[in-house]
Amino acid sequence: MTAKWRQPAAIIGIAVLVIAVLLSILMAQSRASGPAEVDSARMAAQETDGTDWLHDGRTYSAQRYSPLDQINAQNVSQLGIAWYDDLDTFRGVEATPLYADGVLYNTLPWNITIAYDARTGKRLWTYDPQVPREFGRYACCEPVARGLALWKGKVIIATLDGRVIALNAADGKPVWSVQSTPKDMPYTITGAPRVFDGKVVVGNSGGDMGIRGFVAAYDADTGKEAWKFYLTPGDPAKGPDGAASDNIMEMIRKTWSGDYWKLGGGGNAWDSIGYDPALKLVYIGTGNGSPLSWHYRSNSKGDNLFICSIVAVNVETGKYVWHYQMVPEEDWDYTCTQSIVTADLKIDGRDRKVLMQAPKNGYFYVLDRATGEFISAGQIAPVNWALGIDPKTGRPKINPDAHYGTEPFLVKPGPGGAHNWFPMAYSPRTKLAYFPLYESGMVLALDPDFQPKPFRSNAGWGGYTGEAAKKRAELMKEVVAMDKAYLLAWDPVKQKAAWKIPLPRHGNGGVMVTASDLVFEGTTRQTFAAFDARNGKLLWEMPVQSAPVAGAITYTLDGVQYVAVNAGWGGGAAVVERGQGIEMPRAPARLIVFKLGGTVQLPALQPEAKAPEPPPLRASEAQVARGAQLFAETCAVCHGQQAIG
């Protein structure tokens, strides 16, 4: 009897040994592959696999849509905090964190980058690129960073002082570093770097500082430059740039007038850059002109390509393919750097591969992403810079009165835009786009004595003295009265609102949407909230002691769905709030991670110290008037009209 069982037992033993060896090999291979092993195949799988959040917009489509549905309308009320981390700053934290393989990656002001154990919140490593603090003066809206990228075991960041750095995802040590921007000009980088099929594509900021915008691409493995594309023309006397944009430069130069190159031109790609892997096209959203005034930038002549445009280039070569300019003759600090989202829509009975954007200018655009053909545009907010959009050409009918002179003019929207950088989401289930909307205006006038200054903001705007100042002050009362904010759900096919939920004021955060039809957003009520994606009903809201302006993410770990967001009030929206004197007390910035049944509590909010009383006035009336003019020209954009705030 015993002999009969000996052979099967031996076979079973051998089988167990083989299985153990195979498991050890698989585990070794898994360890060898290391964290954040992201490549093109893994990115393609994100279309249906919601386990990770590997890219700024989750997928190359940048829809910020997750197929996860464990958290839903029935149980979202049970959402609580799993863990949080204090980020040791009161500055704005605008980054979308990334998640892969049990690790959460985050980047803070001054590009300090942290990796966390996603189960516990323990910091695994921290990398500080030691950005020189003087670069903070060149950043429009604080030394923010809006995100980072992952590729083949590397975490890639772009720093405020213009470096692109690849870090080892396992320990945070630099693998390669390149200087992307000239060191002798006031360039900064605040947007997230993006990796498209092995190319790190990065733009830069500083369009109102007298610089020339461009986008550069680098090999993600080595840091070697692959191509560079300039977005405005340079000095014609210097000849070609030796860049991918050379063959298109003569065409765009014809849309400019005067000595435009001396003042930079602007057009910087300071935030969103999109991608279609099938078409191999990179979509570059460009910014405002430099100076902001069209009169001083280009003698009030020409469309000024490629300011406030979307430009499509080949990912391998950087060569121009097509462009669409949303704001020719840009005169109002409008930018087309907002979220670039791709989707497939049925429009007028045709299946269309589209690109969608809601830029600052008050319209929502749908373009053919293969050709750049204008499909449609819908008005999302009060607009008076244009009298409409030509439905055939897509060209705006510019209001001649909006090209202001020395007489103040109230333009709508204001420079804060109808929609600014706060990320937009799109749900392929509801066929709706979701984003924070801002109804705003600004009083603009030319400065007749404008003299550009190096390393300074060069708007060319005036109206701060004499009778113009009095008229400006009266019109600014109208601006304050019209100020409204919403969470908007927009139908891109019908070009009309599906629903609109009022929110307290400008600065409501980026949006993320899930397959359970939940829309997550931080609000200026200092809460993080979930709304029904189909009707806007508020389903859940938690006070978090700061307004989370960043985009949230969601992922699964050990079978549990998590939601993570940076709650750090700051950036341009905070500038508006401080400028109006309505800033709320807040906690230091935090990364907060939620799950169903989370029980962690935030510490009590500490009272702020009272500001000291101002010193007695000792200046003469003439000195006060001169100081008021200097403040208006130099400081008011960040510190409030007439020093309110």
# chains A, B, ... in the order shown; residues from 1 in each chain; ligands from 1

$ closest_atom_pairs --of "segment 434-496 of chain A" --to "segment 363-367 of chain A" --cutoff "9 Å" --atoms "only C-alpha atoms" --output "CSV"
residue,atom,partner,partner_atom,distance
A:Trp490,CA,A:Phe364,CA,8.6
A:Pro492,CA,A:Val366,CA,7.0
A:Val493,CA,A:Val366,CA,8.4
A:Gln495,CA,A:Phe364,CA,7.6

$ atom_distance --atom1 "atom CA of Tyr334 of chain A" --atom2 "atom CA of Val443 of chain A"
14.2 Å

$ select_by_dssp --residues "segment 438-622 of chain A" --states "strand (DSSP E or B)" --output "ChimeraX atom specification"
/A:438-439,442-444,446,461,484-491,496-503,511-514,518-523,527-532,538-543,553-557,560-567,590-596,600

$ closest_atom_pairs --of "segment 187-235 of chain A" --to "segment 416-421 of chain A" --cutoff "12 Å" --atoms "only C-alpha atoms" --output "CSV"
residue,atom,partner,partner_atom,distance
A:Thr190,CA,A:Trp421,CA,11.0
A:Gly191,CA,A:Trp421,CA,9.5
A:Ala192,CA,A:Trp421,CA,11.6

$ write_last_selection --atoms "C-alpha atoms" --output "PDB file, in the first residue's frame"
ATOM      1  CA  THR A 190       5.298  75.601 -14.200  1.00  0.00           C
ATOM      2  CA  GLY A 191       3.469  73.081 -16.418  1.00  0.00           C
ATOM      3  CA  ALA A 192       3.862  69.323 -16.124  1.00  0.00           C
TER       4      ALA A 192
END

$ select_by_dssp --residues "segment 378-529 of chain A" --states "alpha helix (DSSP H)" --output "number ranges by chain"
A: 466-482

$ write_last_selection --atoms "all heavy atoms" --output "CSV table (one decimal), in the first residue's frame"
chain,number,residue,atom,x,y,z
A,466,GLY,N,-5.2,110.3,-13.3
A,466,GLY,CA,-6.1,111.3,-13.8
A,466,GLY,C,-7.5,110.8,-14.0
A,466,GLY,O,-8.1,110.0,-13.3
A,467,GLU,N,-8.1,111.4,-15.1
A,467,GLU,CA,-9.5,111.1,-15.4
A,467,GLU,C,-9.7,109.6,-15.7
A,467,GLU,O,-10.8,109.0,-15.4
A,467,GLU,CB,-10.0,112.0,-16.5
A,467,GLU,CG,-10.2,113.4,-16.1
A,467,GLU,CD,-11.2,113.6,-15.0
A,467,GLU,OE1,-12.3,113.0,-15.0
A,467,GLU,OE2,-10.8,114.3,-14.0
A,468,ALA,N,-8.7,109.0,-16.4
A,468,ALA,CA,-8.8,107.6,-16.8
A,468,ALA,C,-8.9,106.7,-15.5
A,468,ALA,O,-9.7,105.8,-15.5
A,468,ALA,CB,-7.6,107.2,-17.6
A,469,ALA,N,-8.2,107.1,-14.5
A,469,ALA,CA,-8.2,106.3,-13.3
A,469,ALA,C,-9.6,106.4,-12.6
A,469,ALA,O,-10.1,105.4,-12.1
A,469,ALA,CB,-7.1,106.8,-12.3
A,470,LYS,N,-10.2,107.6,-12.7
A,470,LYS,CA,-11.6,107.7,-12.1
A,470,LYS,C,-12.6,106.8,-12.8
A,470,LYS,O,-13.4,106.2,-12.2
A,470,LYS,CB,-12.0,109.2,-12.1
A,470,LYS,CG,-11.2,110.1,-11.3
A,470,LYS,CD,-11.6,111.5,-11.4
A,470,LYS,CE,-10.8,112.5,-10.6
A,470,LYS,NZ,-11.2,113.9,-10.8
A,471,LYS,N,-12.5,106.9,-14.2
A,471,LYS,CA,-13.4,106.0,-15.0
A,471,LYS,C,-13.1,104.5,-14.7
A,471,LYS,O,-14.1,103.7,-14.6
A,471,LYS,CB,-13.3,106.3,-16.4
A,471,LYS,CG,-14.2,105.5,-17.3
A,471,LYS,CD,-14.2,106.0,-18.8
A,471,LYS,CE,-15.2,105.1,-19.6
A,471,LYS,NZ,-15.2,105.5,-21.0
A,472,ARG,N,-11.9,104.2,-14.6
A,472,ARG,CA,-11.5,102.8,-14.4
A,472,ARG,C,-12.0,102.4,-13.0
A,472,ARG,O,-12.5,101.2,-12.9
A,472,ARG,CB,-9.9,102.7,-14.3
A,472,ARG,CG,-9.4,101.3,-14.4
A,472,ARG,CD,-7.9,101.3,-14.5
A,472,ARG,NE,-7.4,100.0,-14.8
A,472,ARG,CZ,-7.3,99.1,-13.8
A,472,ARG,NH1,-7.6,99.4,-12.6
A,472,ARG,NH2,-6.8,97.9,-14.1
A,473,ALA,N,-12.0,103.2,-12.0
A,473,ALA,CA,-12.5,102.8,-10.7
A,473,ALA,C,-14.0,102.5,-10.7
A,473,ALA,O,-14.5,101.6,-10.1
A,473,ALA,CB,-12.2,103.9,-9.7
A,474,GLU,N,-14.7,103.3,-11.5
A,474,GLU,CA,-16.2,103.1,-11.6
A,474,GLU,C,-16.5,101.8,-12.3
A,474,GLU,O,-17.4,101.1,-11.9
A,474,GLU,CB,-16.8,104.3,-12.3
A,474,GLU,CG,-16.9,105.6,-11.4
A,474,GLU,CD,-17.6,105.3,-10.1
A,474,GLU,OE1,-18.8,104.8,-10.2
A,474,GLU,OE2,-17.1,105.7,-9.1
A,475,LEU,N,-15.8,101.6,-13.4
A,475,LEU,CA,-16.0,100.3,-14.2
A,475,LEU,C,-15.6,99.1,-13.4
A,475,LEU,O,-16.2,98.0,-13.5
A,475,LEU,CB,-15.2,100.4,-15.5
A,475,LEU,CG,-15.7,101.3,-16.5
A,475,LEU,CD1,-14.8,101.4,-17.7
A,475,LEU,CD2,-17.1,100.9,-17.0
A,476,MET,N,-14.6,99.2,-12.5
A,476,MET,CA,-14.2,98.1,-11.7
A,476,MET,C,-15.2,97.7,-10.7
A,476,MET,O,-15.3,96.5,-10.3
A,476,MET,CB,-12.9,98.4,-10.9
A,476,MET,CG,-11.6,98.3,-11.8
A,476,MET,SD,-11.3,96.7,-12.6
A,476,MET,CE,-11.2,95.6,-11.1
A,477,LYS,N,-16.1,98.6,-10.3
A,477,LYS,CA,-17.3,98.2,-9.5
A,477,LYS,C,-18.2,97.2,-10.2
A,477,LYS,O,-18.7,96.3,-9.7
A,477,LYS,CB,-18.1,99.4,-9.1
A,477,LYS,CG,-17.3,100.4,-8.1
A,477,LYS,CD,-18.1,101.6,-7.8
A,477,LYS,CE,-17.3,102.6,-7.0
A,477,LYS,NZ,-18.0,103.9,-6.7
A,478,GLU,N,-18.3,97.5,-11.5
A,478,GLU,CA,-19.1,96.5,-12.4
A,478,GLU,C,-18.4,95.2,-12.4
A,478,GLU,O,-19.1,94.1,-12.4
A,478,GLU,CB,-19.3,97.1,-13.8
A,478,GLU,CG,-20.1,98.3,-13.9
A,478,GLU,CD,-20.3,98.8,-15.3
A,478,GLU,OE1,-20.5,97.9,-16.2
A,478,GLU,OE2,-20.3,100.0,-15.6
A,479,VAL,N,-17.1,95.2,-12.5
A,479,VAL,CA,-16.4,93.9,-12.6
A,479,VAL,C,-16.6,93.1,-11.3
A,479,VAL,O,-16.9,91.9,-11.4
A,479,VAL,CB,-14.8,94.2,-12.7
A,479,VAL,CG1,-14.0,92.9,-12.5
A,479,VAL,CG2,-14.6,94.8,-14.1
A,480,VAL,N,-16.5,93.8,-10.2
A,480,VAL,CA,-16.7,93.0,-8.9
A,480,VAL,C,-18.1,92.5,-8.8
A,480,VAL,O,-18.4,91.4,-8.4
A,480,VAL,CB,-16.4,94.0,-7.7
A,480,VAL,CG1,-16.8,93.3,-6.4
A,480,VAL,CG2,-15.0,94.4,-7.7
A,481,ALA,N,-19.1,93.2,-9.3
A,481,ALA,CA,-20.5,92.8,-9.2
A,481,ALA,C,-20.8,91.6,-10.1
A,481,ALA,O,-21.7,90.8,-9.8
A,481,ALA,CB,-21.4,94.0,-9.6
A,482,MET,N,-20.1,91.5,-11.2
A,482,MET,CA,-20.4,90.4,-12.2
A,482,MET,C,-19.7,89.1,-11.8
A,482,MET,O,-20.0,88.1,-12.4
A,482,MET,CB,-20.1,90.8,-13.6
A,482,MET,CG,-18.6,91.0,-13.9
A,482,MET,SD,-18.2,91.3,-15.6
A,482,MET,CE,-18.6,89.7,-16.3

$ closest_atom_pairs --of "segment 455-573 of chain A" --to "segment 296-313 of chain A" --cutoff "12 Å" --atoms "only C-alpha atoms" --output "tab-separated table"
residue	atom	partner	partner_atom	distance
A:Asn458	CA	A:Tyr296	CA	9.7
A:Ala459	CA	A:Tyr296	CA	8.8
A:Gly460	CA	A:Tyr296	CA	6.6
A:Trp461	CA	A:Tyr296	CA	9.7

$ residues_around --residues "segment 234-241 of chain A" --least-positions-apart "5" --cutoff "12 Å" --atoms "only C-alpha atoms" --output "CSV table (one decimal) with all heavy atoms, in the first residue's frame"
chain,number,residue,atom,x,y,z
A,211,ILE,N,9.7,87.4,-23.5
A,211,ILE,CA,10.5,86.3,-24.0
A,211,ILE,C,9.7,85.6,-25.1
A,211,ILE,O,8.5,85.9,-25.3
A,211,ILE,CB,10.8,85.3,-22.9
A,211,ILE,CG1,9.5,84.8,-22.2
A,211,ILE,CG2,11.7,85.9,-21.8
A,211,ILE,CD1,9.8,83.7,-21.2
A,212,ARG,N,10.4,84.7,-25.8
A,212,ARG,CA,9.8,84.0,-27.0
A,212,ARG,C,9.5,82.6,-26.6
A,212,ARG,O,10.4,81.8,-26.2
A,212,ARG,CB,10.9,84.1,-28.1
A,212,ARG,CG,10.5,83.5,-29.4
A,212,ARG,CD,11.7,83.5,-30.3
A,212,ARG,NE,11.3,83.0,-31.6
A,212,ARG,CZ,12.2,82.5,-32.5
A,212,ARG,NH1,13.5,82.5,-32.2
A,212,ARG,NH2,11.8,82.0,-33.7
A,213,GLY,N,8.3,82.2,-26.8
A,213,GLY,CA,7.9,80.8,-26.4
A,213,GLY,C,8.3,79.7,-27.3
A,213,GLY,O,8.5,80.0,-28.5
A,214,PHE,N,8.6,78.6,-26.8
A,214,PHE,CA,9.0,77.4,-27.6
A,214,PHE,C,8.6,76.1,-26.8
A,214,PHE,O,8.4,76.2,-25.6
A,214,PHE,CB,10.4,77.4,-28.0
A,214,PHE,CG,11.4,77.2,-26.8
A,214,PHE,CD1,11.8,76.0,-26.4
A,214,PHE,CD2,11.9,78.4,-26.2
A,214,PHE,CE1,12.7,75.8,-25.3
A,214,PHE,CE2,12.8,78.2,-25.1
A,214,PHE,CZ,13.2,77.0,-24.7
A,227,TRP,N,14.0,67.6,-30.6
A,227,TRP,CA,13.6,68.7,-31.5
A,227,TRP,C,13.1,69.9,-30.6
A,227,TRP,O,12.9,69.8,-29.4
A,227,TRP,CB,12.5,68.3,-32.5
A,227,TRP,CG,11.2,67.6,-31.9
A,227,TRP,CD1,11.0,66.3,-31.9
A,227,TRP,CD2,10.1,68.2,-31.3
A,227,TRP,NE1,9.8,66.0,-31.3
A,227,TRP,CE2,9.2,67.2,-30.9
A,227,TRP,CE3,9.7,69.6,-31.0
A,227,TRP,CZ2,8.0,67.4,-30.3
A,227,TRP,CZ3,8.5,69.8,-30.3
A,227,TRP,CH2,7.7,68.7,-30.0
A,228,LYS,N,13.1,71.1,-31.3
A,228,LYS,CA,12.6,72.3,-30.6
A,228,LYS,C,11.7,73.0,-31.7
A,228,LYS,O,12.0,73.1,-32.8
A,228,LYS,CB,13.8,73.2,-30.2
A,228,LYS,CG,13.4,74.5,-29.5
A,228,LYS,CD,14.6,75.3,-29.1
A,228,LYS,CE,15.3,74.7,-27.9
A,228,LYS,NZ,16.4,75.5,-27.4
A,229,PHE,N,10.6,73.6,-31.2
A,229,PHE,CA,9.7,74.3,-32.0
A,229,PHE,C,9.3,75.7,-31.4
A,229,PHE,O,8.8,75.7,-30.3
A,229,PHE,CB,8.4,73.5,-32.2
A,229,PHE,CG,7.4,74.0,-33.3
A,229,PHE,CD1,7.5,73.4,-34.5
A,229,PHE,CD2,6.5,75.0,-33.0
A,229,PHE,CE1,6.6,73.9,-35.5
A,229,PHE,CE2,5.7,75.5,-34.0
A,229,PHE,CZ,5.7,74.9,-35.3
A,246,ASP,N,11.6,76.0,-38.4
A,246,ASP,CA,12.2,76.8,-39.4
A,246,ASP,C,11.4,76.9,-40.7
A,246,ASP,O,11.2,78.0,-41.3
A,246,ASP,CB,13.6,76.4,-39.8
A,246,ASP,CG,14.7,76.8,-38.7
A,246,ASP,OD1,14.3,77.6,-37.8
A,246,ASP,OD2,15.8,76.4,-38.8
A,247,ASN,N,10.8,75.8,-41.1
A,247,ASN,CA,10.1,75.8,-42.4
A,247,ASN,C,8.7,76.5,-42.3
A,247,ASN,O,8.1,76.7,-43.4
A,247,ASN,CB,9.9,74.3,-42.9
A,247,ASN,CG,9.0,73.5,-42.0
A,247,ASN,OD1,8.8,73.8,-40.9
A,247,ASN,ND2,8.4,72.4,-42.6
A,248,ILE,N,8.3,76.8,-41.1
A,248,ILE,CA,7.0,77.5,-41.0
A,248,ILE,C,7.2,79.0,-40.6
A,248,ILE,O,6.3,79.8,-40.6
A,248,ILE,CB,6.1,76.8,-40.0
A,248,ILE,CG1,4.6,77.1,-40.2
A,248,ILE,CG2,6.5,77.0,-38.5
A,248,ILE,CD1,4.0,76.5,-41.5
A,249,MET,N,8.4,79.3,-40.2
A,249,MET,CA,8.6,80.6,-39.6
A,249,MET,C,8.3,81.8,-40.5
A,249,MET,O,7.8,82.8,-40.0
A,249,MET,CB,10.1,80.7,-39.1
A,249,MET,CG,10.3,81.8,-38.0
A,249,MET,SD,9.2,81.7,-36.6
A,249,MET,CE,9.5,80.1,-35.9
A,250,GLU,N,8.6,81.7,-41.8
A,250,GLU,CA,8.3,82.8,-42.7
A,250,GLU,C,6.8,83.1,-42.8
A,250,GLU,O,6.4,84.2,-42.9
A,250,GLU,CB,8.9,82.5,-44.1
A,250,GLU,CG,9.0,83.8,-45.0
A,250,GLU,CD,9.7,85.0,-44.3
A,250,GLU,OE1,10.7,84.8,-43.6
A,250,GLU,OE2,9.2,86.1,-44.5
A,252,ILE,N,4.6,82.5,-40.4
A,252,ILE,CA,4.0,83.2,-39.2
A,252,ILE,C,4.6,84.6,-39.0
A,252,ILE,O,3.9,85.5,-38.5
A,252,ILE,CB,4.3,82.4,-37.9
A,252,ILE,CG1,5.7,82.4,-37.5
A,252,ILE,CG2,3.8,80.9,-38.1
A,252,ILE,CD1,5.9,81.7,-36.1
A,253,ARG,N,5.8,84.9,-39.6
A,253,ARG,CA,6.4,86.2,-39.5
A,253,ARG,C,5.5,87.2,-40.2
A,253,ARG,O,5.5,88.4,-39.8
A,253,ARG,CB,7.8,86.2,-40.1
A,253,ARG,CG,8.6,87.4,-39.8
A,253,ARG,CD,10.0,87.4,-40.4
A,253,ARG,NE,10.7,86.2,-40.2
A,253,ARG,CZ,11.4,86.0,-39.0
A,253,ARG,NH1,11.4,86.9,-38.1
A,253,ARG,NH2,12.1,84.8,-38.8
A,254,LYS,N,4.8,86.8,-41.3
A,254,LYS,CA,4.0,87.7,-42.0
A,254,LYS,C,2.8,88.2,-41.2
A,254,LYS,O,2.1,89.2,-41.7
A,254,LYS,CB,3.5,87.0,-43.3
A,254,LYS,CG,4.6,86.8,-44.3
A,254,LYS,CD,4.1,86.0,-45.5
A,254,LYS,CE,5.2,85.7,-46.5
A,254,LYS,NZ,4.8,84.9,-47.7
A,256,TRP,N,3.0,89.4,-38.2
A,256,TRP,CA,3.5,90.3,-37.2
A,256,TRP,C,3.9,91.7,-37.9
A,256,TRP,O,4.2,91.7,-39.1
A,256,TRP,CB,4.7,89.7,-36.5
A,256,TRP,CG,4.3,88.6,-35.6
A,256,TRP,CD1,4.0,87.3,-36.0
A,256,TRP,CD2,4.3,88.6,-34.2
A,256,TRP,NE1,3.7,86.5,-34.9
A,256,TRP,CE2,3.9,87.3,-33.8
A,256,TRP,CE3,4.5,89.5,-33.2
A,256,TRP,CZ2,3.7,86.9,-32.4
A,256,TRP,CZ3,4.4,89.2,-31.9
A,256,TRP,CH2,4.0,87.9,-31.5
A,258,GLY,N,6.3,95.5,-37.1
A,258,GLY,CA,7.3,96.3,-36.3
A,258,GLY,C,8.4,95.4,-35.8
A,258,GLY,O,8.7,94.4,-36.3
A,259,ASP,N,9.0,95.9,-34.7
A,259,ASP,CA,10.2,95.3,-34.1
A,259,ASP,C,9.7,94.3,-33.0
A,259,ASP,O,10.2,94.3,-31.9
A,259,ASP,CB,11.2,96.3,-33.5
A,259,ASP,CG,11.8,97.2,-34.6
A,259,ASP,OD1,11.8,96.8,-35.8
A,259,ASP,OD2,12.2,98.3,-34.3
A,260,TYR,N,8.8,93.4,-33.4
A,260,TYR,CA,8.2,92.5,-32.4
A,260,TYR,C,9.1,91.7,-31.6
A,260,TYR,O,8.9,91.3,-30.5
A,260,TYR,CB,7.1,91.7,-33.1
A,260,TYR,CG,7.7,91.0,-34.3
A,260,TYR,CD1,8.5,89.8,-34.2
A,260,TYR,CD2,7.6,91.5,-35.6
A,260,TYR,CE1,9.1,89.2,-35.3
A,260,TYR,CE2,8.2,90.9,-36.7
A,260,TYR,CZ,8.9,89.8,-36.5
A,260,TYR,OH,9.5,89.2,-37.6
A,261,TRP,N,10.2,91.3,-32.3
A,261,TRP,CA,11.2,90.3,-31.7
A,261,TRP,C,11.9,90.9,-30.5
A,261,TRP,O,12.4,90.2,-29.6
A,261,TRP,CB,12.2,89.8,-32.7
A,261,TRP,CG,13.1,90.9,-33.3
A,261,TRP,CD1,14.3,91.3,-32.8
A,261,TRP,CD2,12.8,91.7,-34.4
A,261,TRP,NE1,14.8,92.3,-33.5
A,261,TRP,CE2,13.9,92.6,-34.5
A,261,TRP,CE3,11.8,91.8,-35.3
A,261,TRP,CZ2,14.0,93.6,-35.5
A,261,TRP,CZ3,11.8,92.8,-36.3
A,261,TRP,CH2,12.9,93.6,-36.4
A,262,LYS,N,12.0,92.3,-30.4
A,262,LYS,CA,12.7,92.9,-29.3
A,262,LYS,C,12.0,92.7,-28.0
A,262,LYS,O,12.6,92.8,-26.9
A,262,LYS,CB,12.9,94.4,-29.6
A,262,LYS,CG,13.8,94.7,-30.8
A,262,LYS,CD,13.9,96.2,-31.0
A,262,LYS,CE,14.8,96.5,-32.2
A,262,LYS,NZ,14.9,98.0,-32.5
A,263,LEU,N,10.7,92.5,-28.1
A,263,LEU,CA,9.8,92.3,-26.9
A,263,LEU,C,9.4,90.9,-26.7
A,263,LEU,O,8.5,90.6,-25.9
A,263,LEU,CB,8.6,93.2,-27.0
A,263,LEU,CG,8.9,94.7,-27.1
A,263,LEU,CD1,7.7,95.5,-27.3
A,263,LEU,CD2,9.7,95.2,-25.9
A,264,GLY,N,10.0,90.0,-27.4
A,264,GLY,CA,9.8,88.5,-27.1
A,264,GLY,C,8.7,87.9,-27.9
A,264,GLY,O,8.9,86.8,-28.5
A,265,GLY,N,7.5,88.5,-27.9
A,265,GLY,CA,6.4,87.9,-28.6
A,265,GLY,C,5.5,87.1,-27.8
A,265,GLY,O,4.3,87.1,-27.9
A,266,GLY,N,6.1,86.3,-26.9
A,266,GLY,CA,5.3,85.4,-26.0
A,266,GLY,C,4.9,84.2,-26.6
A,266,GLY,O,5.7,83.5,-27.3

$ residues_around --residues "Leu605 of chain A" --least-positions-apart "2" --cutoff "9 Å" --atoms "only C-alpha atoms" --output "number ranges by chain"
A: 545, 585-587, 602-603, 607

$ closest_atom_pairs --of "segment 528-637 of chain A" --to "segment 69-77 of chain A" --cutoff "8 Å" --atoms "only C-alpha atoms" --output "Markdown table"
| residue | atom | partner | partner_atom | distance |
| --- | --- | --- | --- | --- |
| A:Ala530 | CA | A:Val76 | CA | 7.8 |
| A:Asp532 | CA | A:Ala73 | CA | 7.3 |
| A:Leu539 | CA | A:Ala73 | CA | 6.9 |
| A:Trp540 | CA | A:Ser77 | CA | 5.5 |
| A:Val560 | CA | A:Gln70 | CA | 7.9 |
| A:Gln561 | CA | A:Gln70 | CA | 6.3 |
| A:Leu596 | CA | A:Val76 | CA | 7.2 |

$ closest_residue --among "A:Lys360, A:Arg429, A:Arg137, A:His55" --to "Met209 of chain A" --atoms "only C-alpha atoms"
A:Arg137

$ closest_atom_pairs --of "segment 435-509 of chain A" --to "segment 89-94 of chain A" --cutoff "12 Å" --atoms "only C-alpha atoms" --output "CSV"
residue,atom,partner,partner_atom,distance
A:Gly507,CA,A:Gly92,CA,11.1
A:Asn508,CA,A:Glu94,CA,11.7
A:Gly509,CA,A:Glu94,CA,9.0

$ write_last_selection --atoms "all heavy atoms" --output "mmCIF file, in the first residue's frame"
data_model
loop_
_atom_site.group_PDB
_atom_site.id
_atom_site.type_symbol
_atom_site.label_atom_id
_atom_site.label_comp_id
_atom_site.auth_asym_id
_atom_site.auth_seq_id
_atom_site.Cartn_x
_atom_site.Cartn_y
_atom_site.Cartn_z
ATOM 1 N N GLY A 507 -11.461 79.906 -8.453
ATOM 2 C CA GLY A 507 -10.416 79.082 -7.859
ATOM 3 C C GLY A 507 -10.872 77.694 -7.498
ATOM 4 O O GLY A 507 -10.151 76.960 -6.819
ATOM 5 N N ASN A 508 -12.083 77.308 -7.920
ATOM 6 C CA ASN A 508 -12.513 75.934 -7.707
ATOM 7 C C ASN A 508 -11.636 75.015 -8.545
ATOM 8 O O ASN A 508 -11.219 75.347 -9.645
ATOM 9 C CB ASN A 508 -13.988 75.794 -8.057
ATOM 10 C CG ASN A 508 -14.862 76.666 -7.174
ATOM 11 O OD1 ASN A 508 -15.042 76.380 -6.002
ATOM 12 N ND2 ASN A 508 -15.363 77.763 -7.727
ATOM 13 N N GLY A 509 -11.367 73.825 -8.009
ATOM 14 C CA GLY A 509 -10.254 73.026 -8.502
ATOM 15 C C GLY A 509 -10.510 72.258 -9.780
ATOM 16 O O GLY A 509 -11.591 72.283 -10.370
#

$ residues_around --residues "Asp86 of chain A" --least-positions-apart "4" --cutoff "12 Å" --atoms "only C-alpha atoms" --output "ChimeraX atom specification"
/A:90,93,108,114,121-123,566-568,587-593,602-603

$ closest_residue --among "A:Trp270, A:Tyr99, A:Tyr116, A:Phe594" --to "Gly162 of chain A" --atoms "only C-alpha atoms"
A:Trp270

$ atom_distance --atom1 "atom CA of Lys431 of chain A" --atom2 "atom CA of Thr337 of chain A"
22.6 Å

$ residues_around --residues "segment 408-413 of chain A" --least-positions-apart "2" --cutoff "7 Å" --atoms "only C-alpha atoms" --output "number ranges by chain"
A: 361-362, 382-385, 402, 404, 406, 415, 417-418, 439-445, 463, 468, 471-472, 475

$ closest_residue --among "A:Thr188, A:Thr556, A:Thr599, A:Asn268" --to "Phe455 of chain A" --atoms "only C-alpha atoms"
A:Thr188

$ residues_around --residues "Ala115 of chain A" --least-positions-apart "6" --cutoff "10 Å" --atoms "only C-alpha atoms" --output "NGL selection string"
:A and (97-99 or 103-107 or 121-127 or 155 or 169-172)

$ atom_distance --atom1 "atom CA of Tyr218 of chain A" --atom2 "atom CA of Ala564 of chain A"
29.4 Å

$ closest_residue --among "A:Trp151, A:Trp294, A:Tyr555, A:Tyr283" --to "Gly405 of chain A" --atoms "only C-alpha atoms"
A:Trp294
